[in-house]
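> See start.txt below, with compact mmCIF, C-alpha atoms and all ligand atoms.
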# COMPACT_ATOMS: atom_id res chain seq x y z
CA MET A 174 -58.56 -6.98 -160.37
CA VAL A 175 -55.79 -6.75 -157.80
CA GLU A 176 -53.52 -8.61 -160.20
CA LYS A 177 -54.36 -6.24 -163.01
CA THR A 178 -53.53 -3.16 -160.95
CA LEU A 179 -50.32 -4.74 -159.74
CA ILE A 180 -49.15 -5.60 -163.24
CA SER A 181 -50.21 -2.27 -164.65
CA ASN A 182 -48.09 -0.58 -161.96
CA LEU A 183 -45.11 -2.77 -162.77
CA ILE A 184 -45.33 -1.85 -166.45
CA LYS A 185 -45.47 1.85 -165.60
CA LYS A 186 -42.53 1.46 -163.24
CA ALA A 187 -40.52 -0.23 -166.01
CA TYR A 188 -41.48 2.58 -168.38
CA GLU A 189 -40.24 5.20 -165.89
CA ASN A 190 -37.10 3.51 -164.56
CA HIS A 191 -36.16 0.81 -167.07
CA THR A 192 -35.58 -1.68 -164.27
CA LEU A 193 -37.50 -4.63 -162.91
CA SER A 194 -36.59 -7.51 -160.61
CA LEU A 195 -36.60 -11.11 -161.76
CA ALA A 196 -39.87 -11.78 -159.93
CA GLU A 197 -41.47 -8.69 -161.49
CA CYS A 198 -40.48 -9.72 -165.02
CA GLU A 199 -41.81 -13.18 -164.33
CA THR A 200 -45.12 -11.81 -163.02
CA ILE A 201 -45.62 -9.75 -166.18
CA LEU A 202 -44.78 -12.68 -168.46
CA GLU A 203 -47.04 -15.09 -166.60
CA SER A 204 -50.16 -12.92 -166.55
CA SER A 205 -52.27 -12.12 -169.58
CA GLN A 206 -54.12 -9.28 -167.84
CA CYS A 207 -52.20 -6.32 -169.25
CA ASP A 208 -50.67 -7.50 -172.52
CA GLU A 209 -51.99 -4.57 -174.56
CA GLU A 210 -50.75 -2.12 -171.95
CA LEU A 211 -47.30 -3.73 -172.09
CA PHE A 212 -47.20 -3.39 -175.89
CA TYR A 213 -48.45 0.19 -175.63
CA PHE A 214 -45.74 1.25 -173.18
CA ALA A 215 -43.03 -0.58 -175.14
CA ASN A 216 -44.09 1.40 -178.19
CA LEU A 217 -44.15 4.61 -176.17
CA THR A 218 -40.58 3.88 -175.05
CA ARG A 219 -39.40 3.40 -178.63
CA MET A 220 -41.19 6.58 -179.72
CA LYS A 221 -39.56 8.51 -176.88
CA PHE A 222 -36.04 7.38 -177.75
CA SER A 223 -35.97 6.55 -181.45
CA LYS A 224 -39.14 8.18 -182.74
CA LYS A 225 -40.76 6.52 -185.74
CA GLU A 226 -37.48 5.37 -187.28
CA VAL A 227 -37.00 1.80 -188.48
CA HIS A 228 -33.58 0.61 -189.61
CA LEU A 229 -33.66 -1.62 -192.67
CA LYS A 230 -30.79 -4.10 -192.86
CA ALA A 231 -30.15 -6.43 -195.78
CA LEU A 232 -29.62 -10.02 -194.68
CA ILE A 233 -27.58 -12.23 -196.98
CA GLU A 234 -27.71 -15.88 -195.94
CA ILE A 235 -24.36 -16.77 -197.47
CA SER A 236 -24.31 -20.50 -196.72
CA ASN A 237 -26.43 -23.15 -195.00
CA TYR A 238 -23.61 -25.59 -194.25
CA CYS A 239 -23.49 -26.28 -190.51
CA LYS A 240 -21.40 -28.50 -188.28
CA ASN A 241 -23.77 -28.22 -185.32
CA SER A 242 -26.79 -30.28 -184.32
CA CYS A 243 -29.12 -27.80 -182.58
CA PHE A 244 -32.32 -29.73 -181.91
CA TYR A 245 -34.65 -27.00 -183.22
CA CYS A 246 -32.79 -25.95 -186.37
CA GLY A 247 -33.46 -27.29 -189.86
CA LEU A 248 -29.86 -26.64 -190.90
CA ARG A 249 -28.46 -29.12 -188.36
CA LYS A 250 -25.73 -31.32 -189.71
CA GLN A 251 -27.79 -34.53 -189.49
CA ASN A 252 -30.51 -33.16 -191.76
CA LEU A 253 -29.61 -34.79 -195.05
CA ASN A 254 -32.69 -33.37 -196.78
CA VAL A 255 -31.19 -29.90 -196.94
CA LYS A 256 -29.73 -28.83 -200.25
CA ARG A 257 -26.52 -27.26 -199.02
CA TYR A 258 -25.20 -24.14 -200.74
CA LYS A 259 -22.44 -21.60 -200.52
CA LEU A 260 -22.54 -18.24 -202.29
CA SER A 261 -19.35 -17.37 -204.13
CA LYS A 262 -17.40 -14.27 -203.20
CA ASP A 263 -18.66 -12.53 -206.34
CA GLU A 264 -22.26 -13.48 -205.62
CA ILE A 265 -22.01 -12.04 -202.10
CA LEU A 266 -20.38 -8.84 -203.32
CA SER A 267 -22.82 -8.24 -206.17
CA THR A 268 -25.82 -8.91 -203.90
CA ALA A 269 -24.41 -6.52 -201.31
CA LYS A 270 -23.67 -3.88 -203.94
CA ASN A 271 -27.22 -4.07 -205.34
CA ALA A 272 -28.69 -3.69 -201.88
CA ILE A 273 -26.47 -0.72 -201.07
CA ASN A 274 -27.41 0.94 -204.37
CA LEU A 275 -31.05 0.59 -203.37
CA GLY A 276 -30.36 2.40 -200.11
CA TYR A 277 -29.59 -0.35 -197.57
CA LYS A 278 -27.04 0.97 -195.07
CA THR A 279 -26.20 -2.31 -193.40
CA ILE A 280 -25.31 -5.69 -194.87
CA VAL A 281 -25.77 -8.67 -192.55
CA LEU A 282 -23.88 -11.82 -193.52
CA GLN A 283 -25.33 -14.92 -191.88
CA SER A 284 -24.57 -18.62 -192.20
CA GLY A 285 -24.62 -21.92 -190.40
CA GLU A 286 -21.50 -22.57 -188.37
CA SER A 287 -18.79 -24.00 -190.61
CA LYS A 288 -15.38 -23.38 -192.05
CA ILE A 289 -16.72 -23.29 -195.59
CA TYR A 290 -15.22 -19.83 -196.11
CA ASN A 291 -11.61 -19.50 -195.07
CA ILE A 292 -10.59 -16.53 -192.96
CA LYS A 293 -8.71 -14.84 -195.77
CA ASP A 294 -11.69 -14.97 -198.16
CA MET A 295 -14.05 -13.77 -195.48
CA CYS A 296 -11.74 -10.84 -194.69
CA GLU A 297 -11.66 -9.89 -198.37
CA ILE A 298 -15.45 -9.98 -198.58
CA ILE A 299 -15.75 -7.84 -195.45
CA SER A 300 -13.24 -5.21 -196.54
CA LYS A 301 -14.80 -4.98 -199.99
CA ILE A 302 -18.32 -4.44 -198.62
CA SER A 303 -16.89 -1.96 -196.14
CA SER A 304 -15.36 -0.04 -199.08
CA PHE A 305 -18.85 0.21 -200.62
CA GLY A 306 -19.70 2.39 -197.61
CA ALA A 307 -22.03 0.09 -195.67
CA ARG A 308 -21.96 -1.14 -192.09
CA ILE A 309 -21.28 -4.87 -191.82
CA THR A 310 -22.94 -7.23 -189.38
CA LEU A 311 -21.77 -10.83 -189.14
CA SER A 312 -23.73 -13.79 -187.81
CA LEU A 313 -21.53 -16.79 -188.45
CA GLY A 314 -21.69 -18.53 -185.08
CA GLU A 315 -18.93 -19.24 -182.59
CA LYS A 316 -15.39 -18.49 -183.74
CA SER A 317 -12.06 -18.02 -181.99
CA PHE A 318 -10.99 -14.66 -180.60
CA ASP A 319 -8.40 -14.38 -183.39
CA GLU A 320 -10.95 -15.00 -186.12
CA TYR A 321 -13.34 -12.42 -184.66
CA LYS A 322 -10.36 -10.05 -184.44
CA ALA A 323 -9.40 -10.60 -188.08
CA TYR A 324 -12.96 -9.81 -189.21
CA ARG A 325 -13.11 -6.75 -187.01
CA GLN A 326 -9.84 -5.50 -188.46
CA ALA A 327 -11.12 -6.18 -191.97
CA GLY A 328 -14.00 -3.81 -191.28
CA ALA A 329 -16.86 -5.75 -189.63
CA ASN A 330 -18.81 -3.50 -187.28
CA ARG A 331 -21.37 -5.72 -185.62
CA TYR A 332 -21.97 -9.37 -184.69
CA LEU A 333 -25.12 -11.28 -183.86
CA LEU A 334 -24.88 -14.37 -181.68
CA ARG A 335 -27.95 -15.43 -179.79
CA ILE A 336 -27.48 -17.16 -176.47
CA GLU A 337 -30.79 -18.91 -177.36
CA THR A 338 -31.43 -19.67 -173.66
CA THR A 339 -29.34 -18.82 -170.61
CA ASN A 340 -30.68 -21.86 -168.79
CA LYS A 341 -27.78 -24.27 -168.49
CA ASP A 342 -29.74 -27.53 -168.56
CA LEU A 343 -32.04 -26.49 -171.37
CA TYR A 344 -29.09 -25.25 -173.41
CA LYS A 345 -27.30 -28.55 -172.91
CA LYS A 346 -30.34 -30.60 -173.92
CA LEU A 347 -30.83 -28.71 -177.17
CA HIS A 348 -27.20 -28.27 -178.26
CA PRO A 349 -25.37 -31.58 -178.27
CA LYS A 350 -21.58 -31.28 -178.21
CA MET A 351 -21.81 -27.52 -177.71
CA ASN A 352 -20.84 -25.77 -174.51
CA GLN A 353 -22.77 -22.81 -173.19
CA GLU A 354 -19.61 -21.44 -171.58
CA ASN A 355 -18.06 -21.12 -175.06
CA ARG A 356 -21.03 -19.10 -176.18
CA PHE A 357 -20.73 -16.74 -173.19
CA LEU A 358 -17.03 -16.42 -173.92
CA ALA A 359 -17.64 -15.72 -177.62
CA LEU A 360 -20.05 -12.91 -176.68
CA GLU A 361 -17.51 -11.49 -174.26
CA ASN A 362 -14.77 -11.63 -176.91
CA LEU A 363 -16.98 -9.82 -179.40
CA GLN A 364 -17.70 -7.06 -176.92
CA ASN A 365 -14.02 -6.74 -175.99
CA LEU A 366 -13.12 -6.43 -179.67
CA GLY A 367 -15.42 -3.43 -179.98
CA TYR A 368 -18.15 -5.09 -182.02
CA GLU A 369 -21.62 -3.68 -181.63
CA THR A 370 -22.86 -6.96 -180.21
CA GLY A 371 -26.29 -8.50 -180.54
CA SER A 372 -27.72 -11.55 -178.85
CA GLY A 373 -31.16 -12.99 -178.35
CA MET A 374 -33.35 -15.93 -177.58
CA ILE A 375 -35.93 -18.39 -178.81
CA VAL A 376 -39.25 -18.35 -176.92
CA GLY A 377 -41.25 -21.55 -176.54
CA LEU A 378 -38.46 -24.11 -176.39
CA PRO A 379 -39.57 -27.39 -174.78
CA GLY A 380 -39.35 -27.14 -171.01
CA GLN A 381 -38.73 -23.40 -171.04
CA THR A 382 -40.57 -21.51 -168.28
CA GLU A 383 -41.49 -17.84 -167.87
CA LYS A 384 -38.89 -17.66 -165.14
CA MET A 385 -36.19 -18.80 -167.57
CA ILE A 386 -37.32 -16.17 -170.07
CA ALA A 387 -37.24 -13.52 -167.33
CA LYS A 388 -33.67 -14.58 -166.49
CA ASP A 389 -32.68 -14.32 -170.15
CA ILE A 390 -34.07 -10.78 -170.29
CA LEU A 391 -32.15 -9.67 -167.21
CA PHE A 392 -29.01 -11.31 -168.59
CA PHE A 393 -29.33 -9.21 -171.76
CA LYS A 394 -29.65 -6.07 -169.69
CA GLU A 395 -26.75 -6.96 -167.41
CA LYS A 396 -24.45 -7.64 -170.36
CA ASN A 397 -25.31 -4.39 -172.12
CA PHE A 398 -25.92 -5.82 -175.55
CA ASP A 399 -26.65 -3.44 -178.40
CA MET A 400 -29.29 -5.52 -180.11
CA ILE A 401 -31.60 -8.32 -178.98
CA GLY A 402 -33.56 -10.60 -181.29
CA VAL A 403 -36.49 -12.59 -179.95
CA GLY A 404 -38.30 -15.18 -182.01
CA PRO A 405 -40.85 -17.88 -181.24
CA PHE A 406 -39.76 -21.50 -181.66
CA ILE A 407 -41.09 -22.94 -184.92
CA PRO A 408 -40.95 -26.74 -185.24
CA CYS A 409 -39.00 -27.87 -188.27
CA GLN A 410 -39.29 -31.16 -190.12
CA ASN A 411 -36.34 -33.56 -189.93
CA THR A 412 -35.29 -32.26 -186.52
CA PRO A 413 -35.77 -33.96 -183.13
CA LEU A 414 -38.37 -31.30 -182.22
CA GLU A 415 -40.42 -31.64 -185.42
CA SER A 416 -43.62 -32.83 -183.74
CA LEU A 417 -43.72 -30.22 -180.99
CA LYS A 418 -46.04 -27.23 -180.82
CA ALA A 419 -44.74 -23.84 -181.93
CA GLY A 420 -43.83 -21.26 -179.31
CA ASP A 421 -46.51 -18.82 -178.24
CA PHE A 422 -46.56 -15.69 -180.40
CA THR A 423 -47.95 -13.45 -177.67
CA LEU A 424 -45.38 -14.62 -175.14
CA SER A 425 -42.59 -13.86 -177.64
CA LEU A 426 -44.04 -10.41 -178.24
CA LYS A 427 -44.29 -9.83 -174.48
CA ALA A 428 -40.66 -10.86 -173.98
CA MET A 429 -39.65 -8.47 -176.76
CA ALA A 430 -41.75 -5.62 -175.33
CA LEU A 431 -40.26 -6.14 -171.86
CA ILE A 432 -36.78 -5.97 -173.36
CA ARG A 433 -37.72 -2.65 -174.97
CA LEU A 434 -38.93 -1.28 -171.61
CA LEU A 435 -35.74 -2.34 -169.88
CA MET A 436 -33.32 -1.44 -172.69
CA PRO A 437 -34.70 1.70 -174.35
CA PHE A 438 -31.62 2.49 -176.46
CA ILE A 439 -30.92 -0.84 -178.11
CA ASN A 440 -31.91 -2.14 -181.52
CA ILE A 441 -34.66 -4.75 -181.59
CA PRO A 442 -35.59 -6.51 -184.82
CA ALA A 443 -39.11 -7.47 -185.78
CA THR A 444 -37.93 -11.02 -186.46
CA THR A 445 -38.78 -13.22 -189.42
CA ALA A 446 -39.90 -15.93 -186.97
CA MET A 447 -42.59 -13.55 -185.68
CA GLU A 448 -43.72 -12.78 -189.23
CA THR A 449 -43.74 -16.50 -190.05
CA LEU A 450 -45.85 -17.51 -187.07
CA HIS A 451 -48.39 -14.71 -187.27
CA LYS A 452 -49.62 -13.05 -190.43
CA ASN A 453 -49.23 -9.55 -188.99
CA GLY A 454 -46.25 -10.53 -186.89
CA ARG A 455 -43.87 -7.92 -188.23
CA THR A 456 -46.37 -5.08 -187.83
CA LYS A 457 -47.30 -6.20 -184.32
CA ALA A 458 -43.62 -6.37 -183.38
CA LEU A 459 -42.97 -2.89 -184.79
CA LYS A 460 -45.91 -1.56 -182.76
CA SER A 461 -44.57 -3.23 -179.60
CA GLY A 462 -41.05 -1.83 -179.47
CA ALA A 463 -39.12 -3.26 -182.44
CA ASN A 464 -37.15 -0.78 -184.58
CA VAL A 465 -35.27 -2.95 -187.09
CA VAL A 466 -36.36 -5.07 -190.06
CA MET A 467 -33.94 -7.42 -191.81
CA PRO A 468 -35.27 -8.69 -195.12
CA ALA A 469 -33.40 -11.71 -196.51
CA ILE A 470 -32.12 -10.69 -199.93
CA ALA A 471 -29.92 -13.48 -201.33
CA ASP A 472 -31.05 -14.85 -204.68
CA TYR A 473 -34.23 -16.87 -204.15
CA LYS A 474 -32.61 -20.01 -205.55
CA TYR A 475 -30.40 -20.02 -202.43
CA ARG A 476 -32.66 -18.27 -199.96
CA LYS A 477 -35.36 -20.94 -200.26
CA ASP A 478 -32.88 -23.46 -198.84
CA TYR A 479 -31.96 -21.47 -195.74
CA LEU A 480 -34.67 -23.30 -193.88
CA ILE A 481 -33.87 -22.96 -190.20
CA TYR A 482 -37.64 -23.51 -189.88
CA PRO A 483 -40.42 -24.12 -192.44
CA ASN A 484 -42.65 -21.58 -194.24
CA LYS A 485 -40.17 -18.83 -193.59
CA ALA A 486 -41.78 -15.54 -194.50
CA THR A 487 -39.83 -15.00 -197.70
CA GLU A 488 -41.10 -14.59 -201.23
CA ASN A 489 -39.53 -14.80 -204.65
CA LEU A 490 -39.43 -11.07 -205.33
CA GLU A 491 -36.91 -8.87 -207.09
CA LEU A 492 -34.82 -6.88 -204.64
CA LYS A 493 -36.53 -3.63 -205.54
CA GLU A 494 -40.03 -5.07 -205.30
CA GLN A 495 -39.21 -6.66 -201.97
CA LEU A 496 -37.93 -3.33 -200.64
CA LEU A 497 -41.17 -1.66 -201.74
CA CYS A 498 -43.25 -4.31 -199.97
CA VAL A 499 -41.31 -4.07 -196.72
CA SER A 500 -41.28 -0.27 -196.85
CA SER A 501 -45.03 -0.10 -197.36
CA GLN A 502 -45.54 -2.47 -194.42
CA ILE A 503 -43.42 -0.16 -192.27
CA TYR A 504 -45.20 3.03 -193.37
CA LYS A 505 -48.61 1.40 -192.96
CA ALA A 506 -47.69 0.50 -189.40
CA GLY A 507 -47.08 4.22 -188.80
CA PHE A 508 -43.29 4.26 -188.93
CA CYS A 509 -40.67 5.54 -191.35
CA ILE A 510 -37.38 4.26 -192.73
CA SER A 511 -34.31 5.67 -191.07
CA SER A 512 -31.65 7.40 -193.13
CA GLN A 513 -29.06 6.72 -190.41
CA ASN A 514 -26.50 3.93 -190.58
CA GLY A 515 -28.33 1.66 -188.13
CA ASP A 516 -25.92 1.82 -185.17
CA SER A 517 -27.84 1.32 -181.95
CA MET A 518 -28.27 4.48 -179.92
CA TYR A 519 -26.77 2.61 -177.04
CA PHE A 520 -23.60 1.96 -179.06
CA LYS A 521 -23.43 5.54 -180.32
CA ASN A 522 -23.73 6.92 -176.77
CA ARG A 523 -20.89 4.66 -175.62
CA GLN A 524 -18.68 5.71 -178.52
CA GLY A 525 -19.39 9.34 -177.71
CA LYS A 526 -18.33 8.83 -174.10
CA GLN A 527 -15.09 7.17 -175.21
CA CYS A 528 -14.24 10.20 -177.36
CA GLU A 529 -14.80 12.72 -174.58
N1 LIG A 601 -25.02 -20.00 -187.10
C1 LIG A 601 -25.45 -18.71 -186.65
C2 LIG A 601 -26.83 -18.34 -187.18
C3 LIG A 601 -27.92 -19.25 -186.74
S1 LIG A 601 -29.51 -19.04 -187.50
C4 LIG A 601 -25.39 -18.68 -185.15
O1 LIG A 601 -25.15 -19.70 -184.52
O2 LIG A 601 -25.55 -17.61 -184.60
C5 LIG A 601 -30.15 -17.67 -186.64
C6 LIG A 601 -31.10 -17.96 -185.50
O3 LIG A 601 -32.25 -18.66 -185.93
C7 LIG A 601 -30.59 -18.83 -184.38
O4 LIG A 601 -29.73 -18.12 -183.54
C8 LIG A 601 -31.86 -19.29 -183.70
O5 LIG A 601 -32.19 -18.45 -182.62
C9 LIG A 601 -32.93 -19.14 -184.80
N2 LIG A 601 -33.59 -20.43 -185.08
C10 LIG A 601 -33.04 -21.56 -185.58
N3 LIG A 601 -33.97 -22.53 -185.69
C11 LIG A 601 -35.13 -22.02 -185.24
C12 LIG A 601 -36.46 -22.55 -185.10
N4 LIG A 601 -36.77 -23.78 -185.44
N5 LIG A 601 -37.42 -21.72 -184.60
C13 LIG A 601 -37.12 -20.45 -184.27
N6 LIG A 601 -35.90 -19.91 -184.37
C14 LIG A 601 -34.90 -20.68 -184.85
Just dump the structure as structure tokens.


Amino acid sequence: MVEKTLISNLIKKAYENHTLSLAECETILESSQCDEELFYFANLTRMKFSKKEVHLKALIEISNYCKNSCFYCGLRKQNLNVKRYKLSKDEILSTAKNAINLGYKTIVLQSGESKIYNIKDMCEIISKISSFGARITLSLGEKSFDEYKAYRQAGANRYLLRIETTNKDLYKKLHPKMNQENRFLALENLQNLGYETGSGMIVGLPGQTEKMIAKDILFFKEKNFDMIGVGPFIPCQNTPLESLKAGDFTLSLKAMALIRLLMPFINIPATTAMETLHKNGRTKALKSGANVVMPAIADYKYRKDYLIYPNKATENLELKEQLLCVSSQIYKAGFCISSQNGDSMYFKNRQGKQCE
């Protein structure tokens, strides 16, 4: 009873002040006494700052080639069972154009980390999509400052690069030959180049504790990111973690809700991993603070092979049909589709200040 009152007070404090200490975040994550209250206040926070609006962003998974070996990811280089693909420039542009014609205001281009597109081609793709009048988000992994700069100059607005975990040892264990410092630096470079920068984490990685998750959350707040994606770990065949248990859905949702309480102005996607692990995952996420949905829209013949994890919540639907399905899910959950361009409020406020 004492615990319940204590946690309930912490949640209300976070709702009022948008701050919590590390120990307080940890206490909330560790207890299951007030989960519904946490989700309720996260939703109240989103309603207070962004009302019922959900931003729809079209995700084009342009290639699944990857040079990395992340232990959890099905696209890792060593997985020889993946049918590798690369969309042509024309395929990317026509997919983007179709999505924009249907009303999508943001195109997200995501891929494994590789040099399969050269910088010049990528810049052409970006400037073309930009000329269609859409915002462009990239999620292509770690690149040099100059490459990020070239894409920014070509018209890219946003970049997503999850830190995955801020814990040094855990990061090292799961990302052979990668260096966490490079990832921090890449995020810093993106922010310095004026990208609206998103990061995020996987919940339920082997050896990950609530304290580590709490540290990740406070890191996101300290670094002032514009968007944070949280998804549960989903074991994937042909990876070193294939026989492990999936991450806990509720813990992922709690981490996401806490992020909403602490960062009221940012964008938070209802992630595909949540929808994959739980049949109402997207709706639950939307009702617990998420305000973005990113349907994957590349042609199904490619999309089915972007298997970062199995059973990804994606169906072979026409673009229009898919949009109808997602929209009805959003309306049924009690929200509406935003007609704005999808910039985070946090980003917009900053831009406003710079203009003053
Ligand atoms: N190459 C890009 C995109 C990676 S895929 C990059 O490095 O940013 C997008 C995200 O999928 C990853 O950042 C990771 O958080 C998530 N992901 C990969 N495998 C996963 C798994 N098995 N379970 C849950 N999430 C996973």

> Skip Gln326 of chain A itself and residues of its chain fewer than 4 positions away, then list as a list in words all residues within 12 Å of it, counting all atoms listed in the file.

Ile292, Lys293, Met295, Cys296, Glu297, Ile299, Ser300, Ser303, Ile309, Asp319, Glu320, Tyr321, Lys322, Asn330, Arg331, Leu366, Gly367 and Tyr368 of chain A

> What gap, in Å, lies between atom CA of Arg523 of chain A and atom CA of Leu313 of chain A?

25.0 Å

> What does the distance between atom CA of Glu488 of chain A and atom CA of Leu333 of chain A come to in Å, to one decimal place?

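Rounded to one decimal, the two atoms are 23.8 Å apart.
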
> Check every protein, DNA and RNA residue against ligand LIG 601 (chain A), keep those with an atom at most 8 Å away (counting all atoms listed in the file), and present them as a VMD selection string.

chain A and resid 239 243 245 to 248 283 to 286 312 to 315 333 to 337 373 to 376 403 to 409 446 481 to 483

> When you look at segment 199-209 of chain A with a cut-off of 8 Å (counting all atoms listed in the file), what residues show up, excluding the ones that are within fewer than 5 positions of it in the same chain? I need them as a ChimeraX atom specification.

/A:176-177,180-181,183-184,383-384,386-387,424,427-428

> Can you work out which one of A:Met429, A:Ala196, A:Leu266, A:Ile302 has the shortest atom-to-atom distance to Ala471 of chain A, counting all atoms listed in the file?

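Selected residue with least distance to Ala471 of chain A: A:Leu266.
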
> A:Leu282, A:Thr382, A:Asn182, A:Thr192: which is nearest Leu434 of chain A, counting only C-alpha atoms?

A:Thr192

> Of the candidates A:Thr412, A:Ser511, A:Thr339, A:Gln353, which one gets nearest to Lys230 of chain A if we count all atoms listed in the file?

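Smallest distance to Lys230 of chain A is found for A:Ser511.
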
> Go through A:Val466, A:Lys278, A:Phe244, A:Glu226 one by one, measure the shortest atom-to-atom distance of each to Pro379 of chain A using only C-alpha atoms, and give the residue with the smallest value.

A:Phe244

> For Lys460 of chain A, find every residue with an atom within 12 Å (counting only C-alpha atoms), except residues of its own chain fewer than 2 positions away, and show them as a PyMOL selection string.

chain A and resi 209-220+224-227+426-427+429-430+433+441-443+453-458+462-465+502-508

> Would you list the contacts of Lys485 of chain A as a list of chain:residue names, taking every protein, DNA or RNA residue within 10 Å and counting all atoms listed in the file, but skipping same-chain residues closer than 5 positions in sequence?

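Result of the neighbour search: A:Ile407, A:Thr445, A:Ala446, A:Met447, A:Glu448, A:Thr449, A:Leu450, A:Arg476, A:Lys477, A:Tyr479, A:Leu480.
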
> Take the residues that were just selected and, keeping C-alpha atoms, output them as a short mmCIF file (atom, residue, chain, number, x, y, z; two decimals), in the frame of the given file.


data_model
loop_
_atom_site.label_atom_id
_atom_site.label_comp_id
_atom_site.auth_asym_id
_atom_site.auth_seq_id
_atom_site.Cartn_x
_atom_site.Cartn_y
_atom_site.Cartn_z
CA ILE A 407 -41.09 -22.94 -184.92
CA THR A 445 -38.78 -13.22 -189.42
CA ALA A 446 -39.90 -15.93 -186.97
CA MET A 447 -42.59 -13.55 -185.68
CA GLU A 448 -43.72 -12.78 -189.23
CA THR A 449 -43.74 -16.50 -190.05
CA LEU A 450 -45.85 -17.51 -187.07
CA ARG A 476 -32.66 -18.27 -199.96
CA LYS A 477 -35.36 -20.94 -200.26
CA TYR A 479 -31.96 -21.47 -195.74
CA LEU A 480 -34.67 -23.30 -193.88
#

> How far is it from atom CA of Gly525 of chain A to atom CA of Glu361 of chain A, in Å with one decimal?

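Computing the Euclidean distance for atom CA of Gly525 of chain A and atom CA of Glu361 of chain A yields 21.2 Å.
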
> Mind checking which residues fall within 7 Å of Met518 of chain A, counting all atoms listed in the file, ignoring those fewer than 3 positions away in the same chain, and posting them as a VMD selection string?

chain A and resid 438 to 439 521 to 522

> I need the residue nearest Glu197 of chain A from this list: A:Ser501, A:Phe393, A:Phe357, A:Lys388. Use only C-alpha atoms for the distance.

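Smallest distance to Glu197 of chain A is found for A:Lys388.
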